[in-house]
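Structure first, then comments.
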Amino acid sequence: MTTTTANSVPLDVAAIRADFPILSRTVRDGKPLVYLDSGATSQKPTQVLEAERRFLETSNAAVHRGAHQLAEEATDAYEYGRARTAEFVGASPDELVFTKNATEGINLVAYAMSNAATAGPEASRFVVGPGDEIVITEMEHHANLVPWQQLCQRTGATLKWFGVTADGRLDLSNLDELITERTKVVAFTHQSNVLGTINPVRVLVDAAHKVGALVVLDACQSVPHFPVNFHELGVDFAAFAGHKMLAPYGIGVLYGRRELLEAMPPFLTGGSMIELVRMEGTTFAAPPQRFEAGTPMTSEAVGLGAAVDYLSVLGMERVAAHEHVLTEAALAGLGEIPGVRVVGPTDMKDRGGLVSFVIDGVHPHDSGQVLDSLGIAVRVGHHCAWPLHRACGVASTVRASFYVYNELSEVDALVRGVREAQRFFGVA
Amino acid sequence: MTTTTANSVPLDVAAIRADFPILSRTVRDGKPLVYLDSGATSQKPTQVLEAERRFLETSNAAVHRGAHQLAEEATDAYEYGRARTAEFVGASPDELVFTKNATEGINLVAYAMSNAATAGPEASRFVVGPGDEIVITEMEHHANLVPWQQLCQRTGATLKWFGVTADGRLDLSNLDELITERTKVVAFTHQSNVLGTINPVRVLVDAAHKVGALVVLDACQSVPHFPVNFHELGVDFAAFAGHKMLAPYGIGVLYGRRELLEAMPPFLTGGSMIELVRMEGTTFAAPPQRFEAGTPMTSEAVGLGAAVDYLSVLGMERVAAHEHVLTEAALAGLGEIPGVRVVGPTDMKDRGGLVSFVIDGVHPHDSGQVLDSLGIAVRVGHHCAWPLHRACGVASTVRASFYVYNELSEVDALVRGVREAQRFFGVA
Amino acid sequence: MYQEIILDHYKNPHGRGLREPFDAESFQVNPTCGDEVTLRVKVDDGKVADVSYDGQGCSISQASTSVLTELVVGHTVEEAFATMDAFVELMQGRGQVEPDEDVLEDGIAFAGVAKYPARVKCALLGWMAFKDAVARTDSGVETA
Amino acid sequence: MYQEIILDHYKNPHGRGLREPFDAESFQVNPTCGDEVTLRVKVDDGKVADVSYDGQGCSISQASTSVLTELVVGHTVEEAFATMDAFVELMQGRGQVEPDEDVLEDGIAFAGVAKYPARVKCALLGWMAFKDAVARTDSGVETA
Ligand SMILES: Cc1ncc(COP(=O)(O)O)c(C=O)c1O
Ligand SMILES: Cc1ncc(COP(=O)(O)O)c(C=O)c1O
């Protein structure tokens, strides 16, 4: 399957919506659902649910363990999910580790690095300690922030970070001061889940690799929304989650360059990740198995493969173009309302499909409540990026995020809803 | 819902089988499937698949984050899964942490213990180091073995273990030498996944608590198969997995006594488990949220709740009685075949629903292959309990494991299949 | 859920602004939205003599803290805690609890909020700060 | 999948038992079933002069190691590796690869095993040990 469907033809949103039964339900006394919270989690098409169900009703068995026919079929289905996903993100299948969510993927790297201190000599390149520095950014989701704070706490390394400019971009003015010979890891988000900002991966990869630091990319908001190729980006590790890209819950992906995964000590340990176990000590399997302890998320991997198939048929260029149109309309519509302030870039350059904003005089919780009463599901709060909100001078924001099944009429509903919130709270 | 269905009435297996479409498929050129590998993973009834599907098609949204109607419904559904499961195992909902599998649950405790060294003073009771001892057993699944080896490697603590008697029981003769003032953790399995042996939890809990050690119970093979009440057992932690008890993949449970979870430092970190995040440092939420970083396995928790409902309607006493009948028949049938040796207790005292065995002169892989060619799915290998196999003087075994949907005719098929393997390899 | 009473308290909060003298102070935060409140209490002879507070929050958290000051100032700590228990019960009742106007006065306006679980924390933010602050005074009764 | 040839080699294995002299030894294990093989090679002037082995395993792993000795002893290391590549290709071919009897001789009996992915590792165990042992000899050619 390829992604070369004529990229200029827009998505057939009506046809897409028919694949998502939940979108035709109503909420709050019969209001049609306007789901603008895909940045938190996406809805799942019938094709994905069917793939998982079919697997469970015909081939379900423990993978990589059994020798009977079901076990063979299950292993094939699971590994097909890995192979399809690898192809989708420009990686080899053995460079993808299945995790339960993106958060686990980032924790995996951070824990493997502290484990390196007591692992064998081949793990020495992962060791960090006092004097070493981990560089992140102020716009990170907590998932790409707290694990690094904790790694520093465990090892004595120091955490540093890039700031954010007034227009919601990464402030790279002090790049040379931040990324130095002391830097061991540079971890940052591909696209901010609050600002929508798409960060300049190449610039950071080059700076990091020049000093021998590892690059960890949070790809949670990029892989579901535009074409991503990890080999081309040149990152060392990347994490993303199935549930944000039409796939089931409970499955995420950690990408790691082959030679790094091969040298990296394990994180979770137990069954299926071992080579030889004695009471006195254990040796470990090759990647990716080394990092997949215990019974894996089997049907979820099948569902992820089906989601990747679904997105591939749509074509990721077209998905990105579709979200571009919706976001542009949202920025324009909200931009016309006095007292509404967008947090993040207000132009479409290097910017993805979500818009966060505040309404002067109406707390985001209250804005969200009014929108909810109109059937419009948005997210309110700090969206797991509390330091970023503080840096932007707000406690919380309202976020509308778009995906393949959203349509322009839903953007209009959002804009009308914001005006209604202003009216209700007497600020317009 | 209660489990007080008349316990003396046997399970209606024909009715149960109708809930599992996979059981009516054929394998290997038209042979009816005889699935005797539920110890690895169980099949899932339509009720569980439907519950998950219904959730995804009507209420799907990110839990514990959103304020819109879908998010409320999703949070309720997720927490209902927790509450039902807690009731099922004799615990409070806030004592249950959802993990991706049982392996993660045990790793969680082991990593929290090494994290305790750099956490605050309230975590001091979890700190281990040189001079401290962790006591496990030689019959552990790798999931309850390797994480403790690794904890010792990270901290300098020492691993000790109970041996196994010739008849496949825990050798407690040196209990007083093994569990001492130096012991910080006693971790063992409730029921062996190879021997079927059910261990004397009380004896070990009392010995451990007398010296102030924490008890970690591997409940993977007990919770699915007989009534278990963690409060009554008095254990400090326990782990089990949904996929072995009719529930989806990708969800496991760690039980922890409330006061322990409250004092324990986090393991995975990221979104939804925080109290306050600044770039300089983070404080954490109360349990169970503290231990559930990132987007959880939402639909899987709904499925687990449905599986618990399903098992509760059957009644766990009746489930245990049903497996008792099958196991007794298997032990009798295999016991009559010359050259077949059961590994584990050959009587039904403190013994659960699985039988592992070897056929003299036929390697388990070859036995399994012959059985597979007859449509009988068993597990061959060391079943992730390699040291136990070594202790029993075998490299691997054949394991038949039973569950609610198995019938006596399938035990007969197994026994006939074993004779066929002997014939085929010319040893009978 | 936005009763007039709530909007009134939101627009004209009672007792807002931090004051001296006080016996104890509590800082509480809602981890999902970042809202926060700092609340001070003065307790004289077992009576709540003053409650003052500051912070940022939505209409629900601001209004409920405003109502709190009306309900507890001038009452004994014991009475205040009984009122708090009634308010907490109402909020956690999922809309199934019938509020007692004699006890909760303006607080009954929050009955509708209880139907929105995500907002219950907002309504309780100030109360949690009150409970914690009182516990920190010498006269603090044992709180679970 | 249990061809007569496989069962014959299983019951009457060739070259079994560890022998001296040898240049290098390799120990390989199948992590899922615990099967293991220790295999020794003697290489003289670029030729495989002897292969001896011991271990425990199923019919497939035992027979394929027995076939291995027949296929490589007396051949140059280069020829032996070419045979190995052909055998590995056959085994990983999921039953889609047509084996060349001129190259694989008795080895073609394993074509059916390739349809059972869980058994492929068994069939390759001895070969992995051979590859590793040769790599450990001075004459060991580079192996990927
Ligand atoms: C006794 C025992 N412990 C632990 C596990 C590991 O469970 P999981 O693979 O779900 O993590 C299993 C099953 O594989 C088991 O049988
Ligand atoms: C940018 C970003 N990083 C990380 C995460 C965490 O992903 P997950 O919750 O699947 O672990 C999210 C979503 O919640 C996100 O938007």
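Just remember, in the structure tokens the first chain shown is A, the second B, etc., residues are 1-based per chain, and ligands are 1-based in the order shown.
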
Pick out the residues no farther than 9 Å from ligand 1, counting only C-alpha atoms and all ligand atoms, and list them as JSON, numbers by chain.
{"A": [62, 270, 271, 272, 293, 294, 295, 296], "B": [39, 40, 41, 100, 101, 102, 103, 104, 105, 106, 139, 140, 141, 142, 143, 144, 189, 190, 191, 192, 193, 194, 218, 219, 220, 221, 222, 239, 240, 241, 242, 243, 244, 249, 250, 251, 252, 383, 384, 385]}

Could you pull out the helix (DSSP H, G or I) residues of region 20-129 of chain D, going by DSSP on the backbone, and write them as a CSV table (one decimal) with N, CA and C atoms, in the first residue's frame?
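Result written to part30.csv:
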chain,number,residue,atom,x,y,z
D,59,SER,N,13.8,-33.3,17.4
D,59,SER,CA,14.2,-34.0,16.2
D,59,SER,C,14.7,-33.0,15.1
D,60,ILE,N,14.1,-31.9,15.0
D,60,ILE,CA,14.5,-31.0,14.0
D,60,ILE,C,15.9,-30.4,14.2
D,61,SER,N,16.2,-30.0,15.4
D,61,SER,CA,17.5,-29.4,15.6
D,61,SER,C,18.6,-30.5,15.6
D,62,GLN,N,18.3,-31.7,16.1
D,62,GLN,CA,19.2,-32.7,16.1
D,62,GLN,C,19.5,-33.2,14.6
D,63,ALA,N,18.4,-33.4,13.9
D,63,ALA,CA,18.6,-33.8,12.5
D,63,ALA,C,19.3,-32.8,11.6
D,64,SER,N,19.0,-31.5,11.8
D,64,SER,CA,19.6,-30.5,10.9
D,64,SER,C,21.1,-30.4,11.3
D,65,THR,N,21.5,-30.6,12.5
D,65,THR,CA,22.9,-30.5,12.8
D,65,THR,C,23.6,-31.7,12.2
D,66,SER,N,22.9,-32.8,12.3
D,66,SER,CA,23.5,-34.0,11.6
D,66,SER,C,23.7,-33.8,10.1
D,67,VAL,N,22.7,-33.3,9.5
D,67,VAL,CA,22.8,-33.0,8.0
D,67,VAL,C,23.9,-32.0,7.8
D,68,LEU,N,24.0,-31.0,8.7
D,68,LEU,CA,25.1,-30.0,8.5
D,68,LEU,C,26.4,-30.7,8.4
D,69,THR,N,26.7,-31.6,9.3
D,69,THR,CA,28.1,-32.2,9.3
D,69,THR,C,28.3,-32.8,7.9
D,70,GLU,N,27.3,-33.5,7.4
D,70,GLU,CA,27.5,-34.1,6.0
D,70,GLU,C,27.7,-33.1,4.9
D,71,LEU,N,27.1,-31.9,5.1
D,71,LEU,CA,27.1,-30.9,4.0
D,71,LEU,C,28.4,-30.1,4.1
D,72,VAL,N,29.0,-30.0,5.2
D,72,VAL,CA,30.2,-29.0,5.3
D,72,VAL,C,31.5,-29.7,5.4
D,77,VAL,N,35.6,-23.5,3.6
D,77,VAL,CA,34.7,-22.6,4.4
D,77,VAL,C,33.8,-21.8,3.5
D,78,GLU,N,34.3,-21.4,2.4
D,78,GLU,CA,33.5,-20.6,1.4
D,78,GLU,C,32.3,-21.4,0.9
D,79,GLU,N,32.6,-22.7,0.5
D,79,GLU,CA,31.5,-23.6,0.1
D,79,GLU,C,30.5,-23.8,1.2
D,80,ALA,N,31.1,-24.1,2.3
D,80,ALA,CA,30.2,-24.4,3.5
D,80,ALA,C,29.2,-23.2,3.8
D,81,PHE,N,29.8,-22.0,3.7
D,81,PHE,CA,28.9,-20.8,3.9
D,81,PHE,C,27.9,-20.6,2.8
D,82,ALA,N,28.3,-21.0,1.6
D,82,ALA,CA,27.3,-20.9,0.5
D,82,ALA,C,26.1,-21.9,0.8
D,83,THR,N,26.5,-23.1,1.2
D,83,THR,CA,25.5,-24.1,1.6
D,83,THR,C,24.6,-23.6,2.7
D,84,MET,N,25.3,-23.0,3.7
D,84,MET,CA,24.5,-22.4,4.9
D,84,MET,C,23.5,-21.4,4.4
D,85,ASP,N,24.0,-20.5,3.5
D,85,ASP,CA,23.1,-19.4,3.0
D,85,ASP,C,21.9,-20.0,2.3
D,86,ALA,N,22.1,-21.1,1.6
D,86,ALA,CA,21.0,-21.7,0.9
D,86,ALA,C,20.0,-22.3,1.9
D,87,PHE,N,20.6,-22.9,2.9
D,87,PHE,CA,19.7,-23.6,3.9
D,87,PHE,C,18.9,-22.5,4.7
D,88,VAL,N,19.6,-21.4,5.1
D,88,VAL,CA,18.9,-20.4,5.8
D,88,VAL,C,17.8,-19.8,4.9
D,89,GLU,N,18.1,-19.6,3.7
D,89,GLU,CA,17.1,-19.0,2.7
D,89,GLU,C,15.9,-20.0,2.7
D,90,LEU,N,16.2,-21.2,2.6
D,90,LEU,CA,15.1,-22.2,2.5
D,90,LEU,C,14.2,-22.1,3.8
D,91,MET,N,14.9,-22.1,4.9
D,91,MET,CA,14.2,-22.1,6.2
D,91,MET,C,13.4,-20.9,6.4
D,101,GLU,N,18.5,-29.5,-4.7
D,101,GLU,CA,19.0,-30.8,-4.1
D,101,GLU,C,20.5,-30.9,-4.3
D,102,ASP,N,21.0,-30.4,-5.4
D,102,ASP,CA,22.4,-30.4,-5.7
D,102,ASP,C,23.2,-29.8,-4.5
D,103,VAL,N,22.7,-28.7,-4.0
D,103,VAL,CA,23.4,-27.9,-3.0
D,103,VAL,C,23.1,-28.5,-1.6
D,104,LEU,N,21.8,-28.8,-1.3
D,104,LEU,CA,21.4,-29.1,0.0
D,104,LEU,C,21.3,-30.6,0.4
D,105,GLU,N,21.3,-31.4,-0.7
D,105,GLU,CA,21.2,-32.9,-0.5
D,105,GLU,C,20.1,-33.3,0.5
D,106,ASP,N,20.4,-33.9,1.6
D,106,ASP,CA,19.4,-34.3,2.6
D,106,ASP,C,18.7,-33.1,3.2
D,107,GLY,N,19.3,-32.0,3.1
D,107,GLY,CA,18.8,-30.7,3.7
D,107,GLY,C,17.4,-30.3,3.1
D,108,ILE,N,17.2,-30.8,1.9
D,108,ILE,CA,15.9,-30.5,1.2
D,108,ILE,C,14.7,-31.0,2.0
D,109,ALA,N,15.0,-32.0,2.8
D,109,ALA,CA,13.9,-32.6,3.6
D,109,ALA,C,13.3,-31.6,4.6
D,110,PHE,N,14.0,-30.5,4.9
D,110,PHE,CA,13.6,-29.5,5.8
D,110,PHE,C,12.6,-28.5,5.2
D,111,ALA,N,12.4,-28.6,3.9
D,111,ALA,CA,11.5,-27.6,3.2
D,111,ALA,C,10.2,-27.5,3.9
D,112,GLY,N,9.6,-28.6,4.4
D,112,GLY,CA,8.3,-28.6,5.1
D,112,GLY,C,8.4,-27.9,6.4
D,113,VAL,N,9.6,-27.9,7.1
D,113,VAL,CA,9.7,-27.2,8.4
D,113,VAL,C,9.5,-25.7,8.2
D,114,ALA,N,9.9,-25.2,7.1
D,114,ALA,CA,9.9,-23.8,6.8
D,114,ALA,C,8.5,-23.2,7.0
D,115,LYS,N,7.5,-24.1,6.9
D,115,LYS,CA,6.1,-23.7,7.0
D,115,LYS,C,5.6,-23.5,8.4
D,117,PRO,N,6.9,-21.5,11.5
D,117,PRO,CA,7.9,-20.5,11.9
D,117,PRO,C,8.5,-20.8,13.2
D,118,ALA,N,7.7,-21.4,14.2
D,118,ALA,CA,8.2,-21.7,15.5
D,118,ALA,C,9.3,-22.7,15.5
D,119,ARG,N,9.4,-23.5,14.4
D,119,ARG,CA,10.4,-24.6,14.3
D,119,ARG,C,11.6,-24.2,13.5
D,120,VAL,N,11.5,-23.1,12.9
D,120,VAL,CA,12.7,-22.6,12.0
D,120,VAL,C,13.9,-22.4,12.9
D,121,LYS,N,13.7,-21.9,14.0
D,121,LYS,CA,14.9,-21.6,15.0
D,121,LYS,C,15.5,-23.0,15.3
D,122,CYS,N,14.7,-24.0,15.5
D,122,CYS,CA,15.2,-25.3,15.8
D,122,CYS,C,16.2,-25.8,14.7
D,123,ALA,N,15.7,-25.6,13.5
D,123,ALA,CA,16.4,-26.1,12.3
D,123,ALA,C,17.7,-25.3,12.1
D,124,LEU,N,17.8,-24.1,12.6
D,124,LEU,CA,18.9,-23.3,12.4
D,124,LEU,C,19.9,-23.3,13.5
D,125,LEU,N,19.5,-23.9,14.7
D,125,LEU,CA,20.4,-23.8,15.9
D,125,LEU,C,21.8,-24.3,15.6
D,126,GLY,N,22.0,-25.5,15.0
D,126,GLY,CA,23.3,-26.0,14.7
D,126,GLY,C,24.0,-25.1,13.7
D,127,TRP,N,23.3,-24.6,12.8
D,127,TRP,CA,24.0,-23.8,11.8
D,127,TRP,C,24.5,-22.5,12.3
D,128,MET,N,23.7,-21.9,13.3
D,128,MET,CA,24.2,-20.7,13.9
D,128,MET,C,25.5,-21.0,14.7
D,129,ALA,N,25.5,-22.1,15.3
D,129,ALA,CA,26.7,-22.5,16.1
D,129,ALA,C,27.9,-22.7,15.2

Write out as a PDB file with N, CA and C atoms, in the first residue's frame each polymer residue whose atoms come within 12 Å of Ala413 (chain B), counting only C-alpha atoms; drop sequence neighbours fewer than 2 positions from it.
ATOM      1  N   LYS B  31      -9.081 -29.828  11.346  1.00  0.00           N
ATOM      2  CA  LYS B  31      -9.233 -30.394  12.696  1.00  0.00           C
ATOM      3  C   LYS B  31      -9.940 -29.379  13.605  1.00  0.00           C
ATOM      4  N   PRO B  32     -10.924 -29.837  14.373  1.00  0.00           N
ATOM      5  CA  PRO B  32     -11.530 -28.909  15.350  1.00  0.00           C
ATOM      6  C   PRO B  32     -10.452 -28.435  16.330  1.00  0.00           C
ATOM      7  N   LEU B  33     -10.525 -27.153  16.698  1.00  0.00           N
ATOM      8  CA  LEU B  33      -9.526 -26.593  17.612  1.00  0.00           C
ATOM      9  C   LEU B  33      -9.774 -27.094  19.035  1.00  0.00           C
ATOM     10  N   VAL B  34      -8.727 -27.628  19.646  1.00  0.00           N
ATOM     11  CA  VAL B  34      -8.767 -27.964  21.077  1.00  0.00           C
ATOM     12  C   VAL B  34      -7.768 -27.024  21.747  1.00  0.00           C
ATOM     13  N   TYR B  35      -8.278 -25.973  22.368  1.00  0.00           N
ATOM     14  CA  TYR B  35      -7.386 -24.928  22.892  1.00  0.00           C
ATOM     15  C   TYR B  35      -7.034 -25.209  24.347  1.00  0.00           C
ATOM     16  N   LEU B  36      -5.826 -25.686  24.569  1.00  0.00           N
ATOM     17  CA  LEU B  36      -5.371 -26.020  25.921  1.00  0.00           C
ATOM     18  C   LEU B  36      -4.164 -25.157  26.284  1.00  0.00           C
ATOM     19  N   ALA B 329      -8.875 -35.428  35.600  1.00  0.00           N
ATOM     20  CA  ALA B 329      -8.995 -36.346  34.468  1.00  0.00           C
ATOM     21  C   ALA B 329      -7.689 -36.400  33.675  1.00  0.00           C
ATOM     22  N   ALA B 330      -7.053 -35.260  33.494  1.00  0.00           N
ATOM     23  CA  ALA B 330      -5.792 -35.237  32.743  1.00  0.00           C
ATOM     24  C   ALA B 330      -4.708 -35.993  33.494  1.00  0.00           C
ATOM     25  N   GLY B 333      -5.547 -39.668  33.119  1.00  0.00           N
ATOM     26  CA  GLY B 333      -5.319 -40.167  31.755  1.00  0.00           C
ATOM     27  C   GLY B 333      -3.839 -40.246  31.415  1.00  0.00           C
ATOM     28  N   LEU B 334      -3.104 -39.207  31.744  1.00  0.00           N
ATOM     29  CA  LEU B 334      -1.670 -39.211  31.434  1.00  0.00           C
ATOM     30  C   LEU B 334      -0.938 -40.203  32.333  1.00  0.00           C
ATOM     31  N   LEU B 371       0.701 -32.989  18.537  1.00  0.00           N
ATOM     32  CA  LEU B 371      -0.586 -32.541  19.078  1.00  0.00           C
ATOM     33  C   LEU B 371      -1.181 -31.449  18.191  1.00  0.00           C
ATOM     34  N   ASP B 372      -0.350 -30.515  17.761  1.00  0.00           N
ATOM     35  CA  ASP B 372      -0.809 -29.429  16.888  1.00  0.00           C
ATOM     36  C   ASP B 372      -1.397 -29.996  15.604  1.00  0.00           C
ATOM     37  N   LEU B 374      -2.950 -32.537  15.288  1.00  0.00           N
ATOM     38  CA  LEU B 374      -4.260 -33.091  15.610  1.00  0.00           C
ATOM     39  C   LEU B 374      -5.251 -32.011  16.037  1.00  0.00           C
ATOM     40  N   GLY B 375      -4.812 -30.752  15.984  1.00  0.00           N
ATOM     41  CA  GLY B 375      -5.691 -29.645  16.346  1.00  0.00           C
ATOM     42  C   GLY B 375      -5.613 -29.243  17.808  1.00  0.00           C
ATOM     43  N   ILE B 376      -4.698 -29.883  18.541  1.00  0.00           N
ATOM     44  CA  ILE B 376      -4.606 -29.621  19.982  1.00  0.00           C
ATOM     45  C   ILE B 376      -3.513 -28.595  20.256  1.00  0.00           C
ATOM     46  N   ALA B 377      -3.908 -27.436  20.755  1.00  0.00           N
ATOM     47  CA  ALA B 377      -2.952 -26.356  21.015  1.00  0.00           C
ATOM     48  C   ALA B 377      -2.475 -26.414  22.459  1.00  0.00           C
ATOM     49  N   VAL B 378      -1.222 -26.852  22.654  1.00  0.00           N
ATOM     50  CA  VAL B 378      -0.604 -26.839  23.983  1.00  0.00           C
ATOM     51  C   VAL B 378       0.636 -25.960  23.896  1.00  0.00           C
ATOM     52  N   ALA B 400      -0.474 -28.458  29.223  1.00  0.00           N
ATOM     53  CA  ALA B 400      -1.884 -28.292  28.870  1.00  0.00           C
ATOM     54  C   ALA B 400      -2.532 -27.509  29.993  1.00  0.00           C
ATOM     55  N   ASN B 406     -13.211 -25.270  28.459  1.00  0.00           N
ATOM     56  CA  ASN B 406     -12.713 -26.598  28.102  1.00  0.00           C
ATOM     57  C   ASN B 406     -13.642 -27.684  28.638  1.00  0.00           C
ATOM     58  N   GLU B 407     -13.644 -28.821  27.927  1.00  0.00           N
ATOM     59  CA  GLU B 407     -14.537 -29.911  28.327  1.00  0.00           C
ATOM     60  C   GLU B 407     -13.739 -31.208  28.440  1.00  0.00           C
ATOM     61  N   LEU B 408     -14.356 -32.172  29.066  1.00  0.00           N
ATOM     62  CA  LEU B 408     -13.667 -33.444  29.310  1.00  0.00           C
ATOM     63  C   LEU B 408     -13.229 -34.107  28.010  1.00  0.00           C
ATOM     64  N   SER B 409     -14.029 -33.949  26.954  1.00  0.00           N
ATOM     65  CA  SER B 409     -13.659 -34.579  25.691  1.00  0.00           C
ATOM     66  C   SER B 409     -12.317 -34.038  25.187  1.00  0.00           C
ATOM     67  N   GLU B 410     -11.997 -32.810  25.571  1.00  0.00           N
ATOM     68  CA  GLU B 410     -10.722 -32.238  25.144  1.00  0.00           C
ATOM     69  C   GLU B 410      -9.550 -32.842  25.922  1.00  0.00           C
ATOM     70  N   VAL B 411      -9.827 -33.210  27.168  1.00  0.00           N
ATOM     71  CA  VAL B 411      -8.797 -33.917  27.934  1.00  0.00           C
ATOM     72  C   VAL B 411      -8.546 -35.279  27.285  1.00  0.00           C
ATOM     73  N   VAL B 415      -5.020 -36.870  25.790  1.00  0.00           N
ATOM     74  CA  VAL B 415      -4.434 -38.151  26.175  1.00  0.00           C
ATOM     75  C   VAL B 415      -4.216 -39.025  24.933  1.00  0.00           C
ATOM     76  N   ARG B 416      -5.216 -39.056  24.051  1.00  0.00           N
ATOM     77  CA  ARG B 416      -5.051 -39.810  22.797  1.00  0.00           C
ATOM     78  C   ARG B 416      -3.886 -39.262  21.983  1.00  0.00           C
ATOM     79  N   GLY B 417      -3.769 -37.919  21.960  1.00  0.00           N
ATOM     80  CA  GLY B 417      -2.707 -37.280  21.194  1.00  0.00           C
ATOM     81  C   GLY B 417      -1.326 -37.640  21.721  1.00  0.00           C
ATOM     82  N   VAL B 418      -1.218 -37.756  23.022  1.00  0.00           N
ATOM     83  CA  VAL B 418       0.071 -38.115  23.614  1.00  0.00           C
ATOM     84  C   VAL B 418       0.454 -39.535  23.189  1.00  0.00           C
ATOM     85  N   ARG B 419      -0.521 -40.419  23.185  1.00  0.00           N
ATOM     86  CA  ARG B 419      -0.247 -41.794  22.739  1.00  0.00           C
ATOM     87  C   ARG B 419       0.168 -41.804  21.259  1.00  0.00           C
ATOM     88  N   GLU B 420      -0.488 -40.954  20.493  1.00  0.00           N
ATOM     89  CA  GLU B 420      -0.162 -40.855  19.075  1.00  0.00           C
ATOM     90  C   GLU B 420       1.287 -40.379  18.883  1.00  0.00           C
TER      91      GLU B 420
END

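In this model, the gap between CA of Gly212 (chain B) and CA of Ala187 (chain B) comes to 13.6 Å.
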
Distance query Glu20 (chain C) at most 9 Å, only C-alpha atoms, self and fewer than 2 positions along chain excluded, as a PyMOL selection string
chain C and resi 18+22-23+40+42+52

Would you save the residues of that selection, restricted to N, CA and C atoms, as a compact mmCIF listing (two decimals), in the first residue's frame?
# COMPACT_ATOMS: atom_id res chain seq x y z
N LEU C 18 -6.11 38.65 50.46
CA LEU C 18 -5.49 38.06 51.64
C LEU C 18 -5.37 39.12 52.74
N PHE C 22 -3.79 36.31 60.62
CA PHE C 22 -4.33 34.97 60.34
C PHE C 22 -3.51 33.94 61.11
N ASP C 23 -4.10 32.80 61.34
CA ASP C 23 -3.41 31.75 62.10
C ASP C 23 -2.74 30.73 61.21
N ARG C 40 -6.47 31.86 53.90
CA ARG C 40 -6.03 32.05 55.28
C ARG C 40 -7.22 31.96 56.23
N LYS C 42 -8.43 32.63 60.41
CA LYS C 42 -8.15 33.08 61.77
C LYS C 42 -9.20 32.41 62.64
N SER C 52 -9.79 34.64 54.47
CA SER C 52 -9.46 35.50 53.33
C SER C 52 -8.71 34.66 52.31

Excluding region 130-137 of chain B and any residue of its chain fewer than 5 positions from it, enumerate the residues within 10 Å of it, using only C-alpha atoms, and give them as a PyMOL selection string.
(chain A and resi 279) or (chain B and resi 144-145+148-149+151-152+155-164+170-171+178-189+208+213-216+387-388)

At a cut-off of 9 Å, list the chain C residues touching chain B, using only C-alpha atoms, as a ChimeraX atom specification.
/C:29-34,116-119

As a check of understanding: the span from CA of Lys131 (chain D) to CA of His75 (chain D) is 14.2 Å
